[in-house]
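Coordinates from target-v7.txt are shown below (compact mmCIF, C-alpha atoms).
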# COMPACT_ATOMS: atom_id res chain seq x y z
CA MET A 75 -27.45 -54.60 -118.52
CA LYS A 76 -23.87 -55.14 -117.33
CA HIS A 77 -24.03 -51.75 -115.54
CA ASN A 78 -27.31 -52.64 -113.80
CA ARG A 79 -25.97 -56.04 -112.81
CA ASP A 80 -22.90 -54.43 -111.24
CA MET A 81 -25.08 -52.03 -109.27
CA ASP A 82 -27.04 -54.97 -107.84
CA GLU A 83 -23.83 -56.58 -106.61
CA THR A 84 -23.02 -53.84 -104.12
CA GLU A 85 -22.72 -56.15 -101.15
CA GLY A 86 -19.92 -58.05 -102.82
CA GLY A 87 -18.05 -54.84 -103.61
CA ASN A 88 -18.26 -55.41 -107.40
CA CYS A 89 -19.87 -52.05 -108.17
CA TYR A 90 -17.67 -49.83 -110.31
CA TRP A 91 -19.03 -46.74 -108.53
CA ALA A 92 -17.70 -48.04 -105.22
CA ASN A 93 -14.14 -47.65 -106.49
CA MET A 94 -14.53 -43.92 -107.12
CA PRO A 95 -12.33 -41.81 -104.75
CA PRO A 96 -14.39 -40.58 -101.76
CA GLU A 97 -13.35 -36.95 -102.39
CA LEU A 98 -14.74 -37.07 -105.93
CA LEU A 99 -17.90 -38.84 -104.74
CA ARG A 100 -18.50 -36.16 -102.14
CA GLU A 101 -18.03 -33.37 -104.67
CA VAL A 102 -20.48 -34.96 -107.14
CA LEU A 103 -23.17 -35.54 -104.54
CA MET A 104 -22.82 -32.04 -103.09
CA LYS A 105 -23.48 -30.61 -106.56
CA ILE A 106 -26.59 -32.78 -106.83
CA GLU A 107 -27.87 -31.54 -103.47
CA ASP A 108 -27.12 -27.89 -104.27
CA SER A 109 -29.04 -28.15 -107.56
CA GLU A 110 -32.29 -28.70 -105.63
CA SER A 111 -32.94 -25.15 -104.44
CA SER A 112 -36.60 -25.29 -103.43
CA TRP A 113 -37.66 -28.93 -103.04
CA PRO A 114 -34.96 -31.62 -103.08
CA ALA A 115 -36.41 -34.49 -105.09
CA ARG A 116 -36.56 -37.61 -102.91
CA LYS A 117 -35.96 -39.89 -105.88
CA HIS A 118 -32.61 -38.26 -106.64
CA VAL A 119 -31.30 -38.65 -103.11
CA VAL A 120 -32.61 -42.20 -102.75
CA ALA A 121 -31.09 -43.13 -106.11
CA CYS A 122 -27.69 -41.87 -105.01
CA ALA A 123 -27.90 -43.65 -101.66
CA GLY A 124 -28.92 -46.88 -103.35
CA VAL A 125 -25.99 -47.13 -105.76
CA CYS A 126 -23.54 -48.75 -103.34
CA LYS A 127 -22.26 -48.65 -99.78
CA SER A 128 -19.73 -45.89 -100.47
CA TRP A 129 -22.39 -43.61 -101.89
CA ARG A 130 -24.71 -44.41 -98.99
CA GLU A 131 -22.09 -43.31 -96.45
CA ILE A 132 -21.47 -40.05 -98.30
CA ILE A 133 -25.20 -39.29 -98.48
CA LYS A 134 -25.41 -39.66 -94.70
CA GLU A 135 -23.03 -36.72 -94.42
CA LEU A 136 -24.73 -34.55 -97.01
CA VAL A 137 -28.45 -34.81 -96.27
CA LYS A 138 -29.25 -32.52 -93.38
CA THR A 139 -32.19 -32.25 -91.00
CA LEU A 140 -34.91 -29.65 -91.49
CA GLU A 141 -33.48 -27.53 -88.67
CA VAL A 142 -30.17 -27.19 -90.52
CA SER A 143 -31.26 -27.15 -94.17
CA GLY A 144 -34.66 -25.46 -93.95
CA LYS A 145 -35.89 -27.96 -96.55
CA ILE A 146 -38.49 -30.67 -96.13
CA THR A 147 -36.82 -33.57 -97.93
CA PHE A 148 -38.30 -36.81 -96.56
CA PRO A 149 -41.50 -37.71 -94.65
CA ILE A 150 -39.45 -37.75 -91.43
CA SER A 151 -39.00 -34.00 -91.88
CA ILE A 152 -42.56 -33.40 -90.74
CA LYS A 153 -41.63 -34.84 -87.34
CA GLN A 154 -38.46 -32.75 -87.00
CA PRO A 155 -38.22 -29.20 -85.59
CA GLY A 156 -38.24 -26.45 -88.17
CA PRO A 157 -35.38 -24.00 -88.76
CA ARG A 158 -34.44 -21.60 -85.95
CA GLU A 159 -34.16 -18.34 -87.88
CA SER A 160 -37.01 -18.57 -90.39
CA LEU A 161 -40.59 -19.78 -90.72
CA ILE A 162 -41.58 -22.76 -92.85
CA GLN A 163 -44.54 -21.49 -94.86
CA CYS A 164 -47.46 -23.89 -95.37
CA PHE A 165 -51.17 -23.73 -96.02
CA VAL A 166 -54.19 -25.82 -95.02
CA LYS A 167 -57.17 -26.64 -97.21
CA ARG A 168 -60.46 -27.76 -95.67
CA ASN A 169 -63.11 -29.94 -97.32
CA ARG A 170 -66.32 -29.47 -95.34
CA ALA A 171 -68.18 -32.27 -97.12
CA THR A 172 -65.64 -34.98 -96.29
CA GLN A 173 -64.42 -33.48 -92.98
CA MET A 174 -60.88 -33.56 -94.40
CA HIS A 175 -58.03 -31.11 -93.85
CA TYR A 176 -54.87 -31.14 -96.00
CA LEU A 177 -51.51 -29.58 -95.17
CA TYR A 178 -49.28 -28.40 -98.02
CA LEU A 179 -45.83 -26.87 -98.15
CA SER A 180 -45.85 -23.54 -99.97
CA LEU A 181 -43.55 -23.60 -102.98
CA SER A 182 -44.02 -19.92 -103.84
CA GLN A 183 -45.02 -16.65 -102.19
CA ALA A 184 -48.65 -17.16 -103.23
CA LEU A 185 -50.92 -17.64 -100.23
CA ALA A 186 -52.61 -20.71 -101.72
CA ASP A 187 -50.61 -22.23 -104.55
CA ASP A 188 -50.35 -25.84 -105.71
CA GLY A 189 -47.97 -26.79 -102.93
CA LYS A 190 -46.32 -30.04 -101.92
CA PHE A 191 -48.67 -32.34 -99.98
CA LEU A 192 -47.43 -33.09 -96.46
CA LEU A 193 -50.24 -34.36 -94.21
CA ALA A 194 -53.96 -35.08 -94.14
CA ALA A 195 -56.37 -35.20 -91.21
CA ARG A 196 -59.93 -36.45 -91.00
CA ARG A 197 -62.41 -35.37 -88.35
CA PHE A 198 -64.34 -38.10 -86.53
CA ARG A 199 -67.22 -37.11 -84.26
CA ARG A 200 -67.77 -39.31 -81.19
CA PRO A 201 -70.48 -39.08 -78.50
CA THR A 202 -68.12 -37.60 -75.88
CA PHE A 203 -65.23 -36.22 -77.93
CA THR A 204 -63.99 -35.27 -81.38
CA GLU A 205 -60.88 -36.80 -82.94
CA TYR A 206 -58.67 -35.85 -85.88
CA VAL A 207 -56.67 -38.76 -87.30
CA ILE A 208 -53.49 -37.51 -89.02
CA SER A 209 -51.88 -39.41 -91.88
CA LEU A 210 -49.04 -39.18 -94.38
CA HIS A 211 -51.44 -40.37 -97.08
CA PRO A 212 -54.07 -38.00 -98.55
CA ASP A 213 -56.74 -40.72 -98.85
CA TYR A 214 -55.89 -43.53 -96.42
CA ILE A 215 -56.84 -42.01 -93.05
CA PHE A 216 -57.05 -44.85 -90.55
CA ARG A 217 -55.20 -45.63 -87.32
CA ALA A 218 -54.54 -49.18 -88.50
CA GLY A 219 -52.74 -48.00 -91.64
CA GLY A 220 -49.00 -47.71 -92.10
CA SER A 221 -49.34 -44.00 -92.89
CA TYR A 222 -50.90 -43.10 -89.51
CA ILE A 223 -48.64 -40.76 -87.51
CA GLY A 224 -50.81 -39.29 -84.75
CA LYS A 225 -54.07 -37.69 -83.72
CA LEU A 226 -55.74 -34.79 -81.96
CA ARG A 227 -58.53 -35.46 -79.44
CA SER A 228 -60.86 -32.97 -77.75
CA ASN A 229 -62.86 -33.15 -74.56
CA PHE A 230 -66.67 -33.03 -74.51
CA LEU A 231 -66.82 -29.23 -74.26
CA GLY A 232 -64.38 -28.75 -77.14
CA ASN A 233 -62.12 -26.39 -75.21
CA LYS A 234 -59.32 -28.82 -74.27
CA PHE A 235 -57.27 -30.94 -76.65
CA VAL A 236 -54.44 -33.46 -76.47
CA VAL A 237 -52.02 -34.16 -79.33
CA TYR A 238 -50.85 -37.78 -79.56
CA ASP A 239 -47.85 -38.97 -81.53
CA ALA A 240 -47.99 -42.52 -82.91
CA LEU A 241 -44.30 -43.00 -82.13
CA PRO A 242 -42.30 -42.02 -79.03
CA PRO A 243 -41.05 -38.44 -79.46
CA HIS A 244 -38.03 -39.09 -77.23
CA ALA A 245 -36.41 -41.82 -75.17
CA GLY A 246 -38.47 -42.76 -72.13
CA ALA A 247 -41.75 -41.37 -73.48
CA LYS A 248 -44.77 -42.97 -71.85
CA MET A 249 -47.54 -44.40 -74.00
CA LEU A 250 -51.22 -44.28 -73.16
CA GLN A 251 -52.25 -47.91 -73.47
CA ASN A 252 -55.44 -48.68 -75.35
CA ARG A 253 -56.79 -51.14 -77.86
CA SER A 254 -55.52 -49.08 -80.80
CA THR A 255 -51.90 -49.86 -79.87
CA GLN A 256 -50.15 -51.88 -82.56
CA MET A 257 -46.70 -52.78 -83.80
CA VAL A 258 -44.87 -51.29 -86.77
CA GLY A 259 -41.26 -51.34 -87.79
CA SER A 260 -38.64 -52.25 -90.33
CA LYS A 261 -35.61 -54.53 -90.17
CA GLN A 262 -33.81 -51.96 -92.28
CA ILE A 263 -33.80 -49.14 -89.78
CA SER A 264 -34.93 -50.12 -86.30
CA PRO A 265 -36.54 -52.86 -84.21
CA ARG A 266 -40.30 -53.08 -84.18
CA VAL A 267 -41.76 -50.45 -81.89
CA HIS A 268 -45.19 -49.77 -80.49
CA THR A 269 -47.30 -47.25 -82.32
CA GLY A 270 -49.94 -45.86 -80.05
CA ASN A 271 -50.71 -42.73 -78.10
CA TYR A 272 -47.76 -40.71 -76.84
CA ALA A 273 -49.07 -37.38 -75.50
CA VAL A 274 -46.88 -34.59 -76.87
CA ALA A 275 -49.01 -31.46 -76.34
CA GLN A 276 -52.02 -30.11 -74.45
CA ILE A 277 -54.07 -27.22 -75.80
CA THR A 278 -56.59 -25.23 -73.78
CA TYR A 279 -58.97 -22.49 -74.91
CA GLU A 280 -60.51 -20.23 -72.31
CA LEU A 281 -64.20 -19.74 -72.93
CA ASN A 282 -65.02 -16.09 -73.58
CA VAL A 283 -68.21 -14.74 -72.03
CA LEU A 284 -68.33 -11.93 -74.59
CA GLY A 285 -69.07 -14.29 -77.46
CA ALA A 286 -67.36 -16.12 -80.31
CA ARG A 287 -66.32 -12.94 -82.13
CA SER A 288 -64.21 -11.59 -79.29
CA PRO A 289 -60.58 -12.51 -78.52
CA ARG A 290 -59.95 -15.77 -76.70
CA ARG A 291 -56.97 -17.12 -74.83
CA MET A 292 -55.04 -20.10 -76.08
CA HIS A 293 -52.59 -22.05 -73.93
CA CYS A 294 -50.31 -24.84 -75.23
CA VAL A 295 -48.15 -27.09 -73.06
CA MET A 296 -45.62 -28.91 -75.26
CA ASP A 297 -45.00 -32.04 -73.17
CA ALA A 298 -42.33 -33.37 -75.54
CA ILE A 299 -40.30 -30.12 -75.70
CA PRO A 300 -38.35 -28.69 -72.76
CA ALA A 301 -38.64 -24.97 -72.06
CA SER A 302 -34.87 -24.72 -72.52
CA ALA A 303 -35.28 -25.55 -76.23
CA ILE A 304 -36.04 -21.92 -77.11
CA LYS A 305 -33.10 -20.53 -75.17
CA PRO A 306 -29.72 -19.95 -76.86
CA GLY A 307 -28.09 -23.34 -77.36
CA GLY A 308 -31.27 -25.17 -76.37
CA VAL A 309 -32.14 -28.46 -78.06
CA ALA A 310 -35.51 -30.02 -78.88
CA PRO A 311 -35.84 -33.81 -79.32
CA THR A 312 -35.48 -34.80 -82.97
CA GLN A 313 -36.80 -37.98 -84.55
CA ILE A 314 -34.29 -39.41 -87.01
CA ASP A 315 -35.75 -42.76 -88.09
CA PHE A 316 -39.32 -43.13 -89.28
CA PRO A 317 -40.48 -46.78 -89.35
CA ILE A 318 -43.40 -47.15 -91.73
CA SER A 319 -45.10 -50.49 -92.24
CA ASN A 320 -46.80 -49.78 -95.56
CA ALA A 321 -43.84 -50.27 -97.89
CA ASP A 322 -45.98 -49.97 -101.01
CA SER A 323 -46.93 -46.38 -100.24
CA PHE A 324 -43.82 -45.22 -98.39
CA PRO A 325 -40.63 -47.31 -98.83
CA THR A 326 -38.83 -47.80 -95.55
CA ILE A 327 -35.32 -46.39 -95.85
CA PRO A 328 -33.01 -44.66 -93.38
CA TYR A 329 -33.63 -40.94 -93.04
CA PHE A 330 -30.16 -39.48 -92.67
CA ARG A 331 -28.84 -36.50 -90.77
CA SER A 332 -25.62 -34.56 -91.14
CA LYS A 333 -22.59 -35.29 -88.97
CA SER A 334 -22.14 -31.54 -88.68
CA SER A 335 -25.46 -31.16 -86.87
CA GLY A 336 -23.90 -32.47 -83.67
CA PHE A 337 -26.91 -34.45 -82.49
CA ASP A 338 -27.30 -38.04 -81.42
CA LEU A 339 -27.64 -40.52 -84.30
CA SER A 340 -29.88 -42.89 -82.32
CA PRO A 341 -33.47 -43.38 -83.55
CA PHE A 342 -34.71 -40.72 -81.13
CA ALA A 343 -32.59 -38.00 -79.58
CA PRO A 344 -33.44 -38.40 -75.87
CA LEU A 345 -34.48 -35.66 -73.50
CA ASP A 346 -32.30 -35.09 -70.49
CA SER A 347 -33.85 -36.68 -67.42
CA GLN A 348 -33.39 -33.35 -65.68
CA ARG A 349 -34.88 -31.33 -68.53
CA GLY A 350 -37.15 -29.38 -66.19
CA ALA A 351 -40.50 -27.88 -67.18
CA SER A 352 -42.13 -28.34 -70.55
CA LEU A 353 -42.33 -25.50 -73.05
CA VAL A 354 -45.47 -23.40 -72.67
CA LEU A 355 -46.85 -21.29 -75.51
CA ARG A 356 -49.67 -18.74 -75.50
CA ASN A 357 -51.47 -16.80 -78.18
CA GLU A 358 -50.38 -13.24 -78.85
CA ALA A 359 -53.15 -10.91 -77.66
CA PRO A 360 -54.72 -8.96 -80.55
CA ARG A 361 -55.20 -5.20 -80.39
CA TRP A 362 -58.38 -3.29 -81.11
CA ASN A 363 -58.21 -1.20 -84.29
CA GLU A 364 -60.46 1.85 -84.07
CA GLN A 365 -60.42 2.46 -87.82
CA LEU A 366 -61.30 -1.10 -88.79
CA HIS A 367 -63.45 -1.72 -85.70
CA CYS A 368 -61.96 -5.17 -85.15
CA TRP A 369 -59.25 -7.01 -83.25
CA CYS A 370 -56.00 -7.17 -85.24
CA LEU A 371 -52.67 -9.01 -85.33
CA ASN A 372 -49.73 -8.36 -87.64
CA PHE A 373 -49.34 -11.45 -89.84
CA HIS A 374 -46.99 -9.62 -92.24
CA GLY A 375 -49.27 -10.21 -95.22
CA ARG A 376 -49.77 -13.94 -94.62
CA VAL A 377 -53.42 -13.59 -93.49
CA THR A 378 -56.08 -11.66 -95.40
CA VAL A 379 -59.45 -12.60 -93.88
CA ALA A 380 -60.60 -11.70 -90.36
CA SER A 381 -61.46 -14.80 -88.36
CA VAL A 382 -61.60 -15.86 -84.72
CA LYS A 383 -59.50 -18.85 -85.81
CA ASN A 384 -56.50 -16.62 -86.57
CA PHE A 385 -53.74 -16.83 -83.97
CA GLN A 386 -50.03 -16.44 -83.27
CA LEU A 387 -48.20 -18.47 -80.63
CA VAL A 388 -45.36 -16.99 -78.60
CA ALA A 389 -43.52 -18.12 -75.48
CA SER A 390 -45.41 -17.81 -72.22
CA PRO A 391 -43.76 -15.76 -69.42
CA GLU A 392 -43.77 -18.84 -67.21
CA ASN A 393 -40.90 -20.23 -69.31
CA GLY A 394 -38.65 -17.71 -67.55
CA LEU A 395 -37.73 -15.80 -70.71
CA VAL A 396 -37.49 -12.04 -71.07
CA GLY A 397 -37.17 -9.53 -73.87
CA ALA A 398 -37.12 -10.55 -77.55
CA GLU A 399 -37.33 -14.27 -76.75
CA ASN A 400 -40.87 -13.72 -75.46
CA GLU A 401 -41.90 -11.93 -78.66
CA LYS A 402 -40.75 -14.48 -81.21
CA ILE A 403 -43.58 -16.16 -83.15
CA PHE A 404 -43.27 -19.96 -83.22
CA LEU A 405 -46.55 -20.67 -85.02
CA GLN A 406 -49.06 -18.51 -86.83
CA PHE A 407 -52.29 -19.60 -88.46
CA GLY A 408 -54.84 -17.55 -90.35
CA LYS A 409 -57.55 -17.42 -92.94
CA VAL A 410 -56.99 -16.40 -96.58
CA GLY A 411 -60.12 -17.88 -98.21
CA LYS A 412 -63.38 -19.64 -97.45
CA ASP A 413 -61.63 -22.93 -96.74
CA VAL A 414 -57.95 -22.00 -97.08
CA PHE A 415 -55.62 -21.04 -94.24
CA THR A 416 -51.91 -20.30 -94.00
CA MET A 417 -49.76 -22.03 -91.36
CA ASP A 418 -46.19 -20.95 -90.64
CA TYR A 419 -43.96 -22.51 -87.99
CA CYS A 420 -40.34 -22.70 -86.82
CA TYR A 421 -38.08 -24.35 -84.23
CA PRO A 422 -38.77 -26.07 -81.87
CA LEU A 423 -42.13 -27.08 -83.37
CA SER A 424 -42.47 -29.71 -86.10
CA ALA A 425 -44.96 -29.65 -88.97
CA PHE A 426 -46.92 -32.44 -87.28
CA GLN A 427 -47.18 -30.53 -83.99
CA ALA A 428 -48.03 -27.26 -85.71
CA PHE A 429 -50.71 -28.93 -87.86
CA ALA A 430 -52.30 -30.63 -84.85
CA ILE A 431 -52.40 -27.36 -82.90
CA SER A 432 -53.95 -25.60 -85.89
CA LEU A 433 -56.62 -28.30 -86.22
CA SER A 434 -57.76 -27.51 -82.68
CA SER A 435 -58.74 -24.05 -83.88
CA PHE A 436 -61.24 -25.62 -86.29
CA ASP A 437 -62.95 -27.66 -83.62
CA THR A 438 -63.19 -25.21 -80.72
CA LYS A 439 -66.97 -24.90 -80.32
CA SER A 440 -66.88 -21.15 -79.87
CA THR A 441 -64.94 -20.69 -83.16
CA ARG A 442 -66.75 -22.83 -85.71
CA GLU A 443 -67.34 -21.07 -89.02
Please rewrite the model in this file as structure tokens.
Amino acid sequence: MKHNRDMDETEGGNCYWANMPPELLREVLMKIEDSESSWPARKHVVACAGVCKSWREIIKELVKTLEVSGKITFPISIKQPGPRESLIQCFVKRNRATQMHYLYLSLSQALADDGKFLLAARRFRRPTFTEYVISLHPDYIFRAGGSYIGKLRSNFLGNKFVVYDALPPHAGAKMLQNRSTQMVGSKQISPRVHTGNYAVAQITYELNVLGARSPRRMHCVMDAIPASAIKPGGVAPTQIDFPISNADSFPTIPYFRSKSSGFDLSPFAPLDSQRGASLVLRNEAPRWNEQLHCWCLNFHGRVTVASVKNFQLVASPENGLVGAENEKIFLQFGKVGKDVFTMDYCYPLSAFQAFAISLSSFDTKSTRE
């Protein structure tokens, strides 16, 4: 009881742990972080950061962003760009009866294992459009909830989509005003900010006159990511704080980044006002296989079932890139079972952006299965 009482008195500096030499603290906490090889347990990191002020400062140095660590540690990780040199492997499960789609992080090489839940999306059919509401909670899928993080909306024809982020993806982002706009925030990490509709991507499918089973063209304009992000030394905006209003489901704590990452520690790393054109992605064109009598793409074993929904996104030539930079796969999505699909992504896309783009493949009218 005396130990617990001392831990509660951190503000007064009475915690015994606070008197530990910083060098020893850093060594202990680095060993804790290194012990989590596949999925760093949030409770361990939060427990360390909550001991006292000294520990909290050390944790800020040790916990890295997804881009640097390649590990999805906190919920904010799903809004941060993935690693540059490798793909984050995920899978999506669809429930046709409830119109639900669930995104999981793969924890093994199995194509559909019992992964770590990341996001959920529910499809809502409207008279003139279709909307997918995306949430951090697997069951509470409402825009008014504290777990709401964004949505995907289609046009009437189902061939054009817009991805909306509930929070500004970068400084100066413009919000589409509507009645769903509300306020969320936390005194612990940032002032209250509007949560609404910040357009971050536009997706277009070209209708194919040859039918639903033939290749189609997919075009993605990433409004929140500059084209320079995929060039050597390029930077994509990175969200660092994640204000969530539903403290019962997701406690609001700072989501730290490493000092070694070299990025701005403000709530949102701003885009340069002269950032130029937005990043444009296109689907890799499949090739006709005479032996299999079908259109094929090389998914390197990550896709096992032929489907018109399968796609790979690469940089469009209009970004001004040449050579290998135009061939790199930033997102791939494909079918492995009746209602199971793999989804792999990397920098500069986030899990949220990749998931929203993948959801558009389900709702394109010419691709429904």
Who sits within 8 Å of range 405-409 of chain A, all atoms listed in the file, same chain under 5 positions skipped, as a VMD selection string: chain A and resid 373 376 to 381 383 to 388 414 to 420 423 428 432
Selection above as a file: C-alpha atoms, as an mmCIF file, in the coordinates of the input:
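Full text of part_16.cif as output:
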data_model
loop_
_atom_site.group_PDB
_atom_site.id
_atom_site.type_symbol
_atom_site.label_atom_id
_atom_site.label_comp_id
_atom_site.auth_asym_id
_atom_site.auth_seq_id
_atom_site.Cartn_x
_atom_site.Cartn_y
_atom_site.Cartn_z
ATOM 1 C CA PHE A 373 -49.340 -11.450 -89.840
ATOM 2 C CA ARG A 376 -49.770 -13.940 -94.620
ATOM 3 C CA VAL A 377 -53.420 -13.590 -93.490
ATOM 4 C CA THR A 378 -56.080 -11.660 -95.400
ATOM 5 C CA VAL A 379 -59.450 -12.600 -93.880
ATOM 6 C CA ALA A 380 -60.600 -11.700 -90.360
ATOM 7 C CA SER A 381 -61.460 -14.800 -88.360
ATOM 8 C CA LYS A 383 -59.500 -18.850 -85.810
ATOM 9 C CA ASN A 384 -56.500 -16.620 -86.570
ATOM 10 C CA PHE A 385 -53.740 -16.830 -83.970
ATOM 11 C CA GLN A 386 -50.030 -16.440 -83.270
ATOM 12 C CA LEU A 387 -48.200 -18.470 -80.630
ATOM 13 C CA VAL A 388 -45.360 -16.990 -78.600
ATOM 14 C CA VAL A 414 -57.950 -22.000 -97.080
ATOM 15 C CA PHE A 415 -55.620 -21.040 -94.240
ATOM 16 C CA THR A 416 -51.910 -20.300 -94.000
ATOM 17 C CA MET A 417 -49.760 -22.030 -91.360
ATOM 18 C CA ASP A 418 -46.190 -20.950 -90.640
ATOM 19 C CA TYR A 419 -43.960 -22.510 -87.990
ATOM 20 C CA CYS A 420 -40.340 -22.700 -86.820
ATOM 21 C CA LEU A 423 -42.130 -27.080 -83.370
ATOM 22 C CA ALA A 428 -48.030 -27.260 -85.710
ATOM 23 C CA SER A 432 -53.950 -25.600 -85.890
#
Distance of CA of Ile208 in chain A from CA of Lys402 in chain A, expressed in Å to one decimal place: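 These atoms are spaced 27.5 Å apart.
For the set A:Ile431, A:Val309, A:Cys126, A:Leu177, the residue with the smallest atom-to-atom gap to Tyr279 in chain A is A:Ile431, counting all atoms listed in the file.
Taking CA of Met296 in chain A and CA of Arg158 in chain A as the two end points, the separation is 17.1 Å.
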Between CA of Val274 in chain A and CA of Ala310 in chain A, distance in Å (one decimal):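 Those two atoms sit 12.4 Å apart.
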Counting all atoms listed in the file, the option among A:Ser160, A:Gln427, A:Ser151, A:Thr202 closest to Ile299 in chain A: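 Looking only at the distances to Ile299 in chain A, the closest residue turns out to be A:Gln427.
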All residues 7 Å or closer to Pro155 in chain A, all atoms listed in the file, same chain fewer than 5 positions away omitted, as a count of residues only: 8
Top pick for closest residue to Gln276 in chain A, considering A:Pro391, A:Ala171, A:Leu192, A:Ala430 and counting only C-alpha atoms: A:Ala430
Residue nearest Ser228 in chain A - candidates A:Lys145, A:Arg200, A:His367, A:His374, atoms counted: only C-alpha atoms: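 Among the listed residues, the smallest separation from Ser228 in chain A belongs to A:Arg200.
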Best match for closeness to Asp297 in chain A among A:Leu231, A:Leu98, A:Ile277, A:Ile146, counting only C-alpha atoms: A:Ile277
Pick from A:Asn357, A:Thr139, A:Asn229, A:Thr147 nearest to Met292 in chain A, counting only C-alpha atoms: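 Closest to Met292 in chain A of all the choices is A:Asn357.
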Reconstruct N, CA, C and O atoms of range 421-435 of chain A; output as a compact mmCIF listing (two decimals), keeping the file's coordinate frame.
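Once everything was written out, this is result.txt:
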# COMPACT_ATOMS: atom_id res chain seq x y z
N TYR A 421 -38.65 -23.63 -85.38
CA TYR A 421 -38.08 -24.35 -84.23
C TYR A 421 -38.63 -23.77 -82.92
O TYR A 421 -38.75 -22.56 -82.79
N PRO A 422 -39.00 -24.62 -81.96
CA PRO A 422 -38.77 -26.07 -81.87
C PRO A 422 -39.96 -26.92 -82.30
O PRO A 422 -39.98 -28.11 -82.04
N LEU A 423 -40.96 -26.32 -82.94
CA LEU A 423 -42.13 -27.08 -83.37
C LEU A 423 -41.85 -27.82 -84.67
O LEU A 423 -41.08 -27.37 -85.52
N SER A 424 -42.51 -28.96 -84.85
CA SER A 424 -42.47 -29.71 -86.10
C SER A 424 -43.74 -29.43 -86.89
O SER A 424 -44.72 -28.88 -86.35
N ALA A 425 -43.75 -29.83 -88.15
CA ALA A 425 -44.96 -29.65 -88.97
C ALA A 425 -46.13 -30.43 -88.38
O ALA A 425 -47.27 -29.95 -88.38
N PHE A 426 -45.87 -31.63 -87.89
CA PHE A 426 -46.92 -32.44 -87.28
C PHE A 426 -47.52 -31.73 -86.07
O PHE A 426 -48.74 -31.64 -85.93
N GLN A 427 -46.68 -31.22 -85.18
CA GLN A 427 -47.18 -30.53 -83.99
C GLN A 427 -47.93 -29.27 -84.36
O GLN A 427 -49.01 -28.99 -83.81
N ALA A 428 -47.39 -28.49 -85.30
CA ALA A 428 -48.03 -27.26 -85.71
C ALA A 428 -49.39 -27.53 -86.36
O ALA A 428 -50.37 -26.82 -86.11
N PHE A 429 -49.46 -28.56 -87.19
CA PHE A 429 -50.71 -28.93 -87.86
C PHE A 429 -51.76 -29.36 -86.84
O PHE A 429 -52.92 -28.94 -86.91
N ALA A 430 -51.36 -30.17 -85.87
CA ALA A 430 -52.30 -30.63 -84.85
C ALA A 430 -52.84 -29.47 -84.02
O ALA A 430 -54.04 -29.39 -83.73
N ILE A 431 -51.96 -28.54 -83.64
CA ILE A 431 -52.40 -27.36 -82.90
C ILE A 431 -53.37 -26.53 -83.73
O ILE A 431 -54.41 -26.06 -83.23
N SER A 432 -53.07 -26.37 -85.01
CA SER A 432 -53.95 -25.60 -85.89
C SER A 432 -55.31 -26.26 -86.06
O SER A 432 -56.33 -25.58 -86.14
N LEU A 433 -55.35 -27.59 -86.10
CA LEU A 433 -56.62 -28.30 -86.22
C LEU A 433 -57.52 -28.02 -85.02
O LEU A 433 -58.75 -28.00 -85.16
N SER A 434 -56.93 -27.80 -83.85
CA SER A 434 -57.76 -27.51 -82.68
C SER A 434 -58.56 -26.23 -82.85
O SER A 434 -59.64 -26.09 -82.30
N SER A 435 -58.03 -25.30 -83.64
CA SER A 435 -58.74 -24.05 -83.88
C SER A 435 -60.02 -24.27 -84.67
O SER A 435 -60.99 -23.54 -84.51
